[in-house]
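entry.cif follows (mmCIF, C-alpha atoms):
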data_entry
loop_
_atom_site.label_atom_id
_atom_site.label_comp_id
_atom_site.auth_asym_id
_atom_site.auth_seq_id
_atom_site.Cartn_x
_atom_site.Cartn_y
_atom_site.Cartn_z
CA MET O 20 66.26 94.04 77.85
CA GLU O 21 67.59 92.76 81.18
CA LEU O 22 70.80 90.81 81.77
CA LEU O 23 71.36 88.75 84.93
CA GLY O 24 67.97 90.02 86.07
CA LEU O 25 69.29 93.61 86.04
CA THR O 26 68.40 96.55 83.86
CA PRO O 27 71.28 97.75 81.63
CA GLU O 28 71.71 100.78 83.90
CA LEU O 29 72.04 98.68 87.06
CA LEU O 30 74.34 96.22 85.28
CA VAL O 31 76.74 99.02 84.33
CA LEU O 32 76.48 100.47 87.82
CA PHE O 33 77.31 97.21 89.62
CA VAL O 34 80.15 96.29 87.26
CA SER O 35 81.62 99.78 87.72
CA PHE O 36 81.19 99.67 91.49
CA GLY O 37 82.70 96.17 91.56
CA PHE O 38 85.67 97.53 89.61
CA MET O 39 86.27 100.25 92.21
CA VAL O 40 85.92 97.77 95.08
CA GLY O 41 88.37 95.50 93.26
CA VAL O 42 90.93 98.31 93.01
CA PHE O 43 90.66 98.85 96.79
CA PHE O 44 90.99 95.12 97.33
CA GLY O 45 94.09 94.79 95.15
CA PHE O 46 95.76 97.92 96.49
CA PHE O 47 94.89 98.01 100.21
CA GLY O 48 94.30 94.30 100.80
CA MET O 49 90.79 95.13 102.01
CA GLY O 50 87.94 93.79 99.92
CA GLY O 51 85.75 96.85 100.17
CA SER O 52 82.77 94.61 100.91
CA PHE O 53 81.92 97.05 103.69
CA LEU O 54 80.83 99.42 100.89
CA VAL O 55 78.69 96.88 99.03
CA THR O 56 76.00 96.39 101.69
CA PRO O 57 75.46 100.15 102.20
CA ALA O 58 75.26 100.64 98.42
CA LEU O 59 72.57 97.97 98.10
CA LEU O 60 70.67 99.40 101.07
CA ILE O 61 70.75 102.86 99.49
CA LEU O 62 69.40 101.38 96.24
CA GLY O 63 66.45 99.96 98.17
CA TYR O 64 67.39 96.29 98.52
CA PRO O 65 66.05 94.64 101.71
CA ALA O 66 68.69 94.15 104.41
CA PRO O 67 68.83 90.31 104.14
CA VAL O 68 69.30 90.53 100.34
CA ALA O 69 71.97 93.24 100.67
CA ILE O 70 73.87 91.28 103.33
CA GLY O 71 73.52 87.86 101.68
CA SER O 72 74.64 89.19 98.28
CA SER O 73 77.58 90.96 99.90
CA MET O 74 78.65 87.74 101.63
CA ALA O 75 78.59 85.88 98.30
CA PHE O 76 80.71 88.67 96.80
CA VAL O 77 83.15 88.37 99.73
CA PHE O 78 83.59 84.67 99.00
CA GLY O 79 84.32 85.25 95.32
CA THR O 80 86.97 87.90 95.93
CA ALA O 81 88.58 86.03 98.84
CA VAL O 82 89.20 82.89 96.77
CA ILE O 83 91.45 84.82 94.37
CA ALA O 84 93.25 86.66 97.16
CA THR O 85 93.92 83.55 99.24
CA LEU O 86 95.44 81.74 96.27
CA LYS O 87 97.82 84.65 95.70
CA HIS O 88 98.96 84.64 99.33
CA HIS O 89 99.23 80.84 99.29
CA ASP O 90 101.81 81.13 96.52
CA VAL O 91 104.12 83.15 98.80
CA GLY O 92 103.48 80.97 101.85
CA SER O 93 101.78 83.63 103.98
CA VAL O 94 98.63 81.70 104.95
CA ASP O 95 98.45 79.89 108.31
CA TYR O 96 95.84 77.29 107.39
CA LYS O 97 95.97 75.69 110.84
CA LEU O 98 95.04 78.96 112.54
CA GLY O 99 92.36 79.62 109.94
CA ALA O 100 90.86 76.17 110.50
CA LEU O 101 90.87 76.67 114.27
CA MET O 102 89.00 79.97 113.84
CA PHE O 103 86.42 78.27 111.62
CA VAL O 104 84.09 77.07 114.39
CA GLY O 105 83.98 80.54 115.96
CA ILE O 106 83.32 82.09 112.55
CA VAL O 107 80.43 79.70 111.81
CA VAL O 108 78.79 80.27 115.19
CA GLY O 109 79.29 84.03 114.95
CA ILE O 110 77.80 84.25 111.46
CA GLU O 111 74.72 82.30 112.53
CA ILE O 112 74.26 84.65 115.49
CA GLY O 113 74.64 87.67 113.19
CA LYS O 114 72.16 86.23 110.69
CA LEU O 115 69.61 85.50 113.40
CA LEU O 116 69.91 89.09 114.57
CA VAL O 117 69.29 90.37 111.03
CA PHE O 118 66.23 88.18 110.43
CA GLY O 119 64.92 88.96 113.91
CA LEU O 120 65.18 92.68 113.20
CA GLU O 121 63.65 92.15 109.73
CA ALA O 122 60.66 90.46 111.34
CA ILE O 123 59.91 93.60 113.36
CA GLY O 124 60.75 95.94 110.47
CA ARG O 125 63.92 97.37 111.98
CA ALA O 126 66.71 95.57 110.07
CA GLU O 127 67.51 98.36 107.60
CA LEU O 128 67.52 100.96 110.39
CA VAL O 129 69.80 99.06 112.79
CA VAL O 130 72.18 97.83 110.07
CA GLY O 131 72.34 101.36 108.64
CA ILE O 132 73.20 102.89 112.02
CA ALA O 133 75.82 100.18 112.60
CA TYR O 134 77.39 101.05 109.27
CA VAL O 135 77.43 104.77 110.05
CA LEU O 136 79.35 104.10 113.26
CA LEU O 137 81.62 101.44 111.77
CA LEU O 138 82.63 103.33 108.62
CA GLY O 139 83.09 106.52 110.63
CA ALA O 140 85.36 104.80 113.15
CA ILE O 141 87.48 103.06 110.50
CA GLY O 142 87.69 106.28 108.46
CA LEU O 143 88.95 108.19 111.51
CA VAL O 144 91.61 105.53 112.17
CA PHE O 145 92.86 105.61 108.57
CA THR O 146 92.86 109.40 108.42
CA ARG O 147 94.58 109.73 111.82
CA ASN O 148 97.31 107.23 110.88
CA ALA O 149 97.87 108.95 107.53
CA LEU O 150 98.21 112.36 109.21
CA LYS O 151 100.66 110.90 111.74
CA GLN O 152 102.76 109.50 108.90
CA ASP O 153 102.73 112.86 107.13
CA ALA O 154 103.91 114.47 110.38
CA GLY O 155 106.86 112.10 110.44
CA ASP O 156 105.69 109.97 113.37
CA ASP O 157 107.27 106.60 112.73
CA SER O 158 106.87 105.31 116.26
CA GLU O 159 104.42 102.70 115.03
CA THR O 160 106.38 101.14 112.21
CA GLN O 161 104.79 98.36 110.27
CA ASP O 162 107.03 95.30 110.39
CA ASP O 163 106.77 91.63 111.12
CA ASP O 164 107.62 91.95 114.82
CA ILE O 165 104.96 90.79 117.24
CA PRO O 166 103.22 93.77 118.90
CA GLU O 167 103.75 94.25 122.63
CA ILE O 168 100.05 93.75 123.37
CA ALA O 169 100.15 90.36 121.62
CA LYS O 170 103.23 89.35 123.62
CA LYS O 171 101.37 90.30 126.79
CA ILE O 172 98.32 88.22 125.82
CA LYS O 173 100.53 85.28 124.87
CA SER O 174 102.22 85.41 128.27
CA TYR O 175 98.96 84.15 129.84
CA ASN O 176 99.07 80.44 129.12
CA ILE O 177 95.38 79.59 129.38
CA PRO O 178 94.90 75.99 128.20
CA PRO O 179 94.30 74.52 125.79
CA MET O 180 97.33 76.03 124.06
CA VAL O 181 97.85 75.54 120.34
CA ARG O 182 101.15 75.63 118.45
CA LEU O 183 100.84 77.74 115.30
CA THR O 184 102.64 77.33 111.99
CA ASP O 185 105.28 79.95 112.92
CA GLY O 186 106.22 77.91 116.00
CA SER O 187 104.56 80.18 118.58
CA LYS O 188 101.70 79.19 120.89
CA ALA O 189 98.29 80.80 121.41
CA SER O 190 95.35 80.01 123.65
CA MET O 191 92.40 78.34 121.96
CA TRP O 192 90.19 80.76 123.90
CA THR O 193 91.82 83.74 122.14
CA ILE O 194 91.54 82.10 118.74
CA SER O 195 87.88 81.17 119.26
CA GLY O 196 87.07 84.65 120.57
CA VAL O 197 88.59 86.33 117.52
CA GLY O 198 86.78 83.96 115.15
CA GLY O 199 83.44 84.37 116.92
CA GLY O 200 83.65 88.15 117.11
CA VAL O 201 84.53 88.51 113.44
CA GLY O 202 81.81 86.01 112.53
CA VAL O 203 79.12 88.07 114.28
CA VAL O 204 80.25 91.22 112.43
CA SER O 205 80.33 89.32 109.12
CA GLY O 206 76.91 87.73 109.57
CA PHE O 207 75.26 90.93 110.78
CA LEU O 208 76.76 93.43 108.33
CA GLY O 209 77.57 91.20 105.35
CA VAL O 210 81.27 92.04 105.32
CA GLY O 211 84.38 89.92 105.09
CA GLY O 212 85.58 91.44 108.34
CA GLY O 213 89.17 91.85 107.13
CA PHE O 214 89.46 95.33 108.64
CA ILE O 215 88.72 93.71 112.03
CA ARG O 216 90.07 90.19 111.54
CA MET O 217 93.56 91.11 110.31
CA PRO O 218 94.33 93.52 113.21
CA ALA O 219 92.84 91.00 115.66
CA ILE O 220 95.06 88.19 114.35
CA TYR O 221 98.08 90.48 114.49
CA TYR O 222 97.47 92.30 117.78
CA LEU O 223 95.59 89.65 119.80
CA ILE O 224 96.77 86.26 118.53
CA GLY O 225 100.27 87.54 117.76
CA VAL O 226 100.89 86.25 114.24
CA PRO O 227 103.57 88.02 112.12
CA LEU O 228 102.07 90.73 109.90
CA ALA O 229 102.51 89.00 106.53
CA ALA O 230 100.92 85.80 107.85
CA ALA O 231 98.17 87.83 109.54
CA VAL O 232 97.19 89.35 106.17
CA GLY O 233 97.19 86.00 104.35
CA THR O 234 95.37 84.18 107.16
CA SER O 235 92.82 86.99 107.37
CA LEU O 236 92.02 86.55 103.69
CA PHE O 237 91.65 82.80 104.25
CA GLY O 238 89.25 83.68 107.06
CA ALA O 239 87.33 85.91 104.62
CA LEU O 240 87.06 82.95 102.26
CA MET O 241 85.59 80.81 105.04
CA SER O 242 83.25 83.45 106.42
CA GLY O 243 82.13 84.36 102.90
CA ALA O 244 81.47 80.71 102.06
CA VAL O 245 79.54 80.05 105.28
CA GLY O 246 77.64 83.33 105.04
CA ALA O 247 76.76 82.87 101.37
CA PHE O 248 75.60 79.29 102.04
CA SER O 249 73.58 80.29 105.09
CA TYR O 250 71.88 83.26 103.42
CA GLY O 251 71.55 81.29 100.19
CA LEU O 252 69.48 78.64 101.99
CA SER O 253 67.11 81.46 102.89
CA GLY O 254 66.88 82.46 99.22
CA VAL O 255 67.96 86.07 99.70
CA ILE O 256 71.05 86.25 97.46
CA ASP O 257 70.67 88.23 94.21
CA ILE O 258 72.86 86.27 91.77
CA GLY O 259 72.70 89.02 89.14
CA VAL O 260 74.09 91.62 91.54
CA VAL O 261 76.85 89.28 92.76
CA THR O 262 77.88 88.30 89.23
CA ALA O 263 78.07 91.91 88.04
CA LEU O 264 80.14 92.92 91.08
CA LEU O 265 82.54 90.00 90.61
CA VAL O 266 83.06 90.78 86.92
CA GLY O 267 84.06 94.33 87.76
CA SER O 268 86.17 93.40 90.79
CA ALA O 269 88.16 90.78 88.85
CA LEU O 270 89.56 93.51 86.58
CA GLY O 271 89.85 96.09 89.34
CA ALA O 272 91.80 93.75 91.63
CA ARG O 273 94.42 93.11 88.94
CA ILE O 274 94.89 96.83 88.36
CA GLY O 275 94.96 97.57 92.09
CA SER O 276 97.53 94.84 92.71
CA ALA O 277 99.71 96.12 89.88
CA SER O 278 99.49 99.67 91.26
CA THR O 279 101.12 98.61 94.54
CA ALA O 280 104.42 98.28 92.65
CA TYR O 281 104.30 101.94 91.61
CA VAL O 282 102.29 103.83 94.22
CA ASP O 283 103.28 104.46 97.84
CA GLU O 284 100.29 103.45 99.96
CA ALA O 285 100.99 106.34 102.33
CA ASP O 286 100.24 108.77 99.48
CA VAL O 287 96.64 107.62 99.14
CA THR O 288 95.77 106.26 102.60
CA ILE O 289 94.42 109.61 103.75
CA TYR O 290 92.10 109.70 100.73
CA PHE O 291 90.87 106.21 101.62
CA GLY O 292 90.14 107.39 105.16
CA ILE O 293 88.24 110.41 103.85
CA MET O 294 86.28 108.11 101.52
CA LEU O 295 85.19 105.99 104.49
CA LEU O 296 84.09 109.11 106.38
CA LEU O 297 82.06 110.20 103.35
CA ALA O 298 80.62 106.68 103.06
CA SER O 299 79.55 106.95 106.71
CA ALA O 300 77.84 110.27 105.90
CA ALA O 301 76.25 108.65 102.81
CA VAL O 302 74.62 105.92 104.90
CA ALA O 303 73.48 108.55 107.42
CA PHE O 304 71.79 110.54 104.64
CA GLY O 305 70.14 107.32 103.47
CA GLU O 306 68.70 106.79 106.93
CA LEU O 307 67.51 110.40 107.07
CA ALA O 308 65.75 109.90 103.74
CA ASN O 309 63.72 107.10 105.33
CA TRP O 310 63.01 108.92 108.58
CA LEU O 311 62.06 112.27 107.04
CA GLU O 312 60.61 110.80 103.82
CA MET O 313 62.77 113.14 101.74
CA PRO O 314 63.98 111.38 98.54
CA ILE O 315 66.55 114.13 97.92
CA PHE O 316 68.62 112.64 100.75
CA ASP O 317 68.69 109.30 98.93
CA THR O 318 70.24 111.08 95.95
CA VAL O 319 72.80 112.82 98.18
CA SER O 320 73.59 109.48 99.83
CA PHE O 321 74.15 107.70 96.52
CA VAL O 322 76.31 110.50 95.09
CA LEU O 323 78.50 110.58 98.22
CA LEU O 324 79.05 106.81 98.27
CA VAL O 325 79.78 106.28 94.59
CA GLY O 326 81.49 109.65 94.13
CA SER O 327 83.93 109.13 97.00
CA SER O 328 84.76 105.61 95.75
CA LEU O 329 85.33 106.93 92.23
CA PHE O 330 87.57 109.72 93.60
CA VAL O 331 89.89 107.33 95.49
CA THR O 332 90.00 104.93 92.53
CA SER O 333 90.99 107.85 90.28
CA ILE O 334 93.70 108.92 92.76
CA ILE O 335 95.25 105.43 92.74
CA LEU O 336 95.12 105.20 88.95
CA TYR O 337 96.54 108.73 88.61
CA TYR O 338 99.49 108.09 90.93
CA GLY O 339 100.09 104.78 89.17
CA ALA O 340 100.07 106.38 85.71
CA VAL O 341 102.44 109.18 86.81
CA SER O 342 104.85 106.68 88.37
CA VAL O 343 104.83 104.46 85.29
CA ARG O 344 105.51 107.50 83.08
CA GLU O 345 108.40 108.61 85.29
CA GLN O 346 109.96 105.15 85.33
CA ALA O 347 109.60 104.87 81.57
CA ALA O 348 111.26 108.26 81.15
CA LEU O 349 114.16 107.24 83.41
CA ALA O 350 114.58 104.01 81.49
CA ASN O 351 114.80 106.02 78.26
CA GLY O 352 117.25 108.46 79.81
CA THR O 353 114.81 111.39 79.68
CA PRO O 354 115.08 113.67 82.73
CA GLN O 355 111.84 114.59 84.50
CA VAL O 356 111.10 118.27 85.09
CA ASP O 357 108.89 119.14 88.05
CA ASP O 358 105.84 121.20 87.22
#
With the file now loaded, output its structure as structure tokens.
Amino acid sequence: MELLGLTPELLVLFVSFGFMVGVFFGFFGMGGSFLVTPALLILGYPAPVAIGSSMAFVFGTAVIATLKHHDVGSVDYKLGALMFVGIVVGIEIGKLLVFGLEAIGRAELVVGIAYVLLLGAIGLVFTRNALKQDAGDDSETQDDDIPEIAKKIKSYNIPPMVRLTDGSKASMWTISGVGGGVGVVSGFLGVGGGFIRMPAIYYLIGVPLAAAVGTSLFGALMSGAVGAFSYGLSGVIDIGVVTALLVGSALGARIGSASTAYVDEADVTIYFGIMLLLASAAVAFGELANWLEMPIFDTVSFVLLVGSSLFVTSIILYYGAVSVREQAALANGTPQVDD
């Protein structure tokens, strides 16, 4: 018997994977959609279906996140709206590239290679920053001050200038460039682009960090909506896959969000970086399986991707459970004895 057009095995798999992605989303503020497209590619879904389904998943998760950040006033809707045109144009360019590559039978190959490079680069950044924090290097503290590079960019008053919600001004050229660049990445790889959009808003446009996070999620909502609509018109979105992922992520996001109150992000960031490096290797093995026609590499690829995600999810849940136990013991007046 099939549910949502999926076999029971695939249904359990996608709900479970959605749960893990939801935990990452709730804990790190990154939707984990950059893992969904590779997973679907590894499972043999065509590139347009993998990307379109991932974009629909991005939209679903971003709606919940944006509402949460709206409640605390950390969404610059004006900036998000100004980025919208660039996002739309960028997504269409990315989609045209995907379908153009699909027409010549190279979409899976090029998208796979792009993911290997992207996940590897992001994994190195996370791991490097985590190691620097462990070494006590606090020279790059995370606060709401505007970075120096953003101040430098803002010093060039290239009209038309736009006044943002926080009272500062930014060039429309910078805003459009950020929106367009993120849109191309979103449309081509089927990701929300938060790992690129948030730093770009913070370091290039010069929005305070809290507002950069909230506005980035609003941007994910828009890019997800546009991408899902655009790919949906082409009939390449698998509703069963999207539904199963969203069911799992809804629960995972709540648990991930709750864990932030108990777990220090610095304790698990290095594991997240390692997971991304392993995900990069997983996609590489998937490509090798196609090139060398060796199915064993597909198995290795799948185990690396799901196994690394499961490992980091377990780490977050473990640290959260230990912290809750310690706080409960303190509340009851029971001293904790180190192992």
Please build the interface table for range 187-223 of chain O against range 100-103 of chain O with a cut-off of 12 Å, listing for each qualifying residue the nearest atom pair and the distance in Å to one decimal; count only C-alpha atoms, order rows by chain and increasing number, and write it as CSV.
residue,atom,partner,partner_atom,distance
O:Ala189,CA,O:Leu101,CA,11.1
O:Ser190,CA,O:Leu101,CA,10.9
O:Met191,CA,O:Leu101,CA,8.0
O:Trp192,CA,O:Met102,CA,10.2
O:Thr193,CA,O:Met102,CA,9.5
O:Ile194,CA,O:Met102,CA,5.9
O:Ser195,CA,O:Met102,CA,5.7
O:Gly196,CA,O:Met102,CA,8.4
O:Val197,CA,O:Met102,CA,7.4
O:Gly198,CA,O:Met102,CA,4.8
O:Gly199,CA,O:Met102,CA,7.7
O:Gly200,CA,O:Met102,CA,10.3
O:Val201,CA,O:Met102,CA,9.6
O:Gly202,CA,O:Phe103,CA,9.1
O:Arg216,CA,O:Met102,CA,10.5
O:Ala219,CA,O:Met102,CA,11.8
O:Ile220,CA,O:Met102,CA,10.2
Practice task
Name the residues that the PyMOL selection byres ((chain O and resi 56-71) around 9) picks from the file above, as a PyMOL selection string, using the file's chain letters and numbers.
Solution key: chain O and resi 52-55+72-76+114+117-118+121+126-127+130-131+134+205-210+246-251+254-257+298+301-302+305-306+317-318+320-321+324-325
C-alpha atoms of the current selection, written as a short mmCIF file (atom, residue, chain, number, x, y, z; two decimals), in the frame of the given file:
data_model
loop_
_atom_site.label_atom_id
_atom_site.label_comp_id
_atom_site.auth_asym_id
_atom_site.auth_seq_id
_atom_site.Cartn_x
_atom_site.Cartn_y
_atom_site.Cartn_z
CA SER O 52 82.77 94.61 100.91
CA PHE O 53 81.92 97.05 103.69
CA LEU O 54 80.83 99.42 100.89
CA VAL O 55 78.69 96.88 99.03
CA SER O 72 74.64 89.19 98.28
CA SER O 73 77.58 90.96 99.90
CA MET O 74 78.65 87.74 101.63
CA ALA O 75 78.59 85.88 98.30
CA PHE O 76 80.71 88.67 96.80
CA LYS O 114 72.16 86.23 110.69
CA VAL O 117 69.29 90.37 111.03
CA PHE O 118 66.23 88.18 110.43
CA GLU O 121 63.65 92.15 109.73
CA ALA O 126 66.71 95.57 110.07
CA GLU O 127 67.51 98.36 107.60
CA VAL O 130 72.18 97.83 110.07
CA GLY O 131 72.34 101.36 108.64
CA TYR O 134 77.39 101.05 109.27
CA SER O 205 80.33 89.32 109.12
CA GLY O 206 76.91 87.73 109.57
CA PHE O 207 75.26 90.93 110.78
CA LEU O 208 76.76 93.43 108.33
CA GLY O 209 77.57 91.20 105.35
CA VAL O 210 81.27 92.04 105.32
CA GLY O 246 77.64 83.33 105.04
CA ALA O 247 76.76 82.87 101.37
CA PHE O 248 75.60 79.29 102.04
CA SER O 249 73.58 80.29 105.09
CA TYR O 250 71.88 83.26 103.42
CA GLY O 251 71.55 81.29 100.19
CA GLY O 254 66.88 82.46 99.22
CA VAL O 255 67.96 86.07 99.70
CA ILE O 256 71.05 86.25 97.46
CA ASP O 257 70.67 88.23 94.21
CA ALA O 298 80.62 106.68 103.06
CA ALA O 301 76.25 108.65 102.81
CA VAL O 302 74.62 105.92 104.90
CA GLY O 305 70.14 107.32 103.47
CA GLU O 306 68.70 106.79 106.93
CA ASP O 317 68.69 109.30 98.93
CA THR O 318 70.24 111.08 95.95
CA SER O 320 73.59 109.48 99.83
CA PHE O 321 74.15 107.70 96.52
CA LEU O 324 79.05 106.81 98.27
CA VAL O 325 79.78 106.28 94.59
#
Exercise for the section: Go ahead and compute the interatomic distance for CA of Asp95 in chain O and CA of Thr234 in chain O, in Å to one decimal. Expected result: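 Going from CA of Asp95 in chain O over to CA of Thr234 in chain O covers 5.4 Å.
Here CA of Val343 in chain O is placed at a distance of 20.6 Å from CA of Phe44 in chain O.
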Handout entry: Point-to-point distance from CA of Gly139 in chain O to CA of Leu295 in chain O, Å rounded to tenths
Key =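 Between CA of Gly139 in chain O and CA of Leu295 in chain O the gap is 6.5 Å.
Shortest atom-to-atom contact with Ser327 in chain O among O:Ile315, O:Leu86, O:Val104, O:Leu297: O:Leu297, counting all atoms listed in the file.
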Practice task
Would you list the contacts of range 240-245 of chain O as a list in words, taking every protein, DNA or RNA residue within 7 Å and counting all atoms listed in the file, but skipping same-chain residues closer than 6 positions in sequence?
Solution key: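 Listing them by chain and then by number gives Met74, Ala75, Val77, Phe78, Ala81, Val82, Ile106, Val107, Gly202 and Gly211 of chain O.
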Practice task
Report the residues retrieved by the PyMOL selection byres ((chain O and resi 287-289) around 10) from the displayed file, expressed as a PyMOL selection string.
Solution key: chain O and resi 47+142-150+152-153+282-286+290-295+331-332+334-335+338
Practice task
I would like the residues chosen by the PyMOL selection byres ((chain O and resi 258-260) around 8) on the shown file; could you give them as a PyMOL selection string?
Solution key: chain O and resi 22-25+30+33+72+256-257+261-264
Problem - Nearest-residue call for Gly326 in chain O, choices O:Leu136, O:Leu228, O:Met39, O:Ser235, using all atoms listed in the file - result: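 Smallest distance to Gly326 in chain O is found for O:Met39.
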With 8 Å added on each side, what axis-aligned box encloses every listed atom of range 118-122 of chain O? Give the centre and edge lengths in Å to one decimal, as JSON.
{"center_x": 63.4, "center_y": 90.4, "center_z": 111.8, "size_x": 21.6, "size_y": 20.5, "size_z": 20.2}
Handout entry: Residue nearest Val226 in chain O - candidates O:Leu336, O:Met313, O:Ala169, O:Ile141, atoms counted: only C-alpha atoms
Key =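 Among the listed residues, O:Ala169 lies closest to Val226 in chain O.
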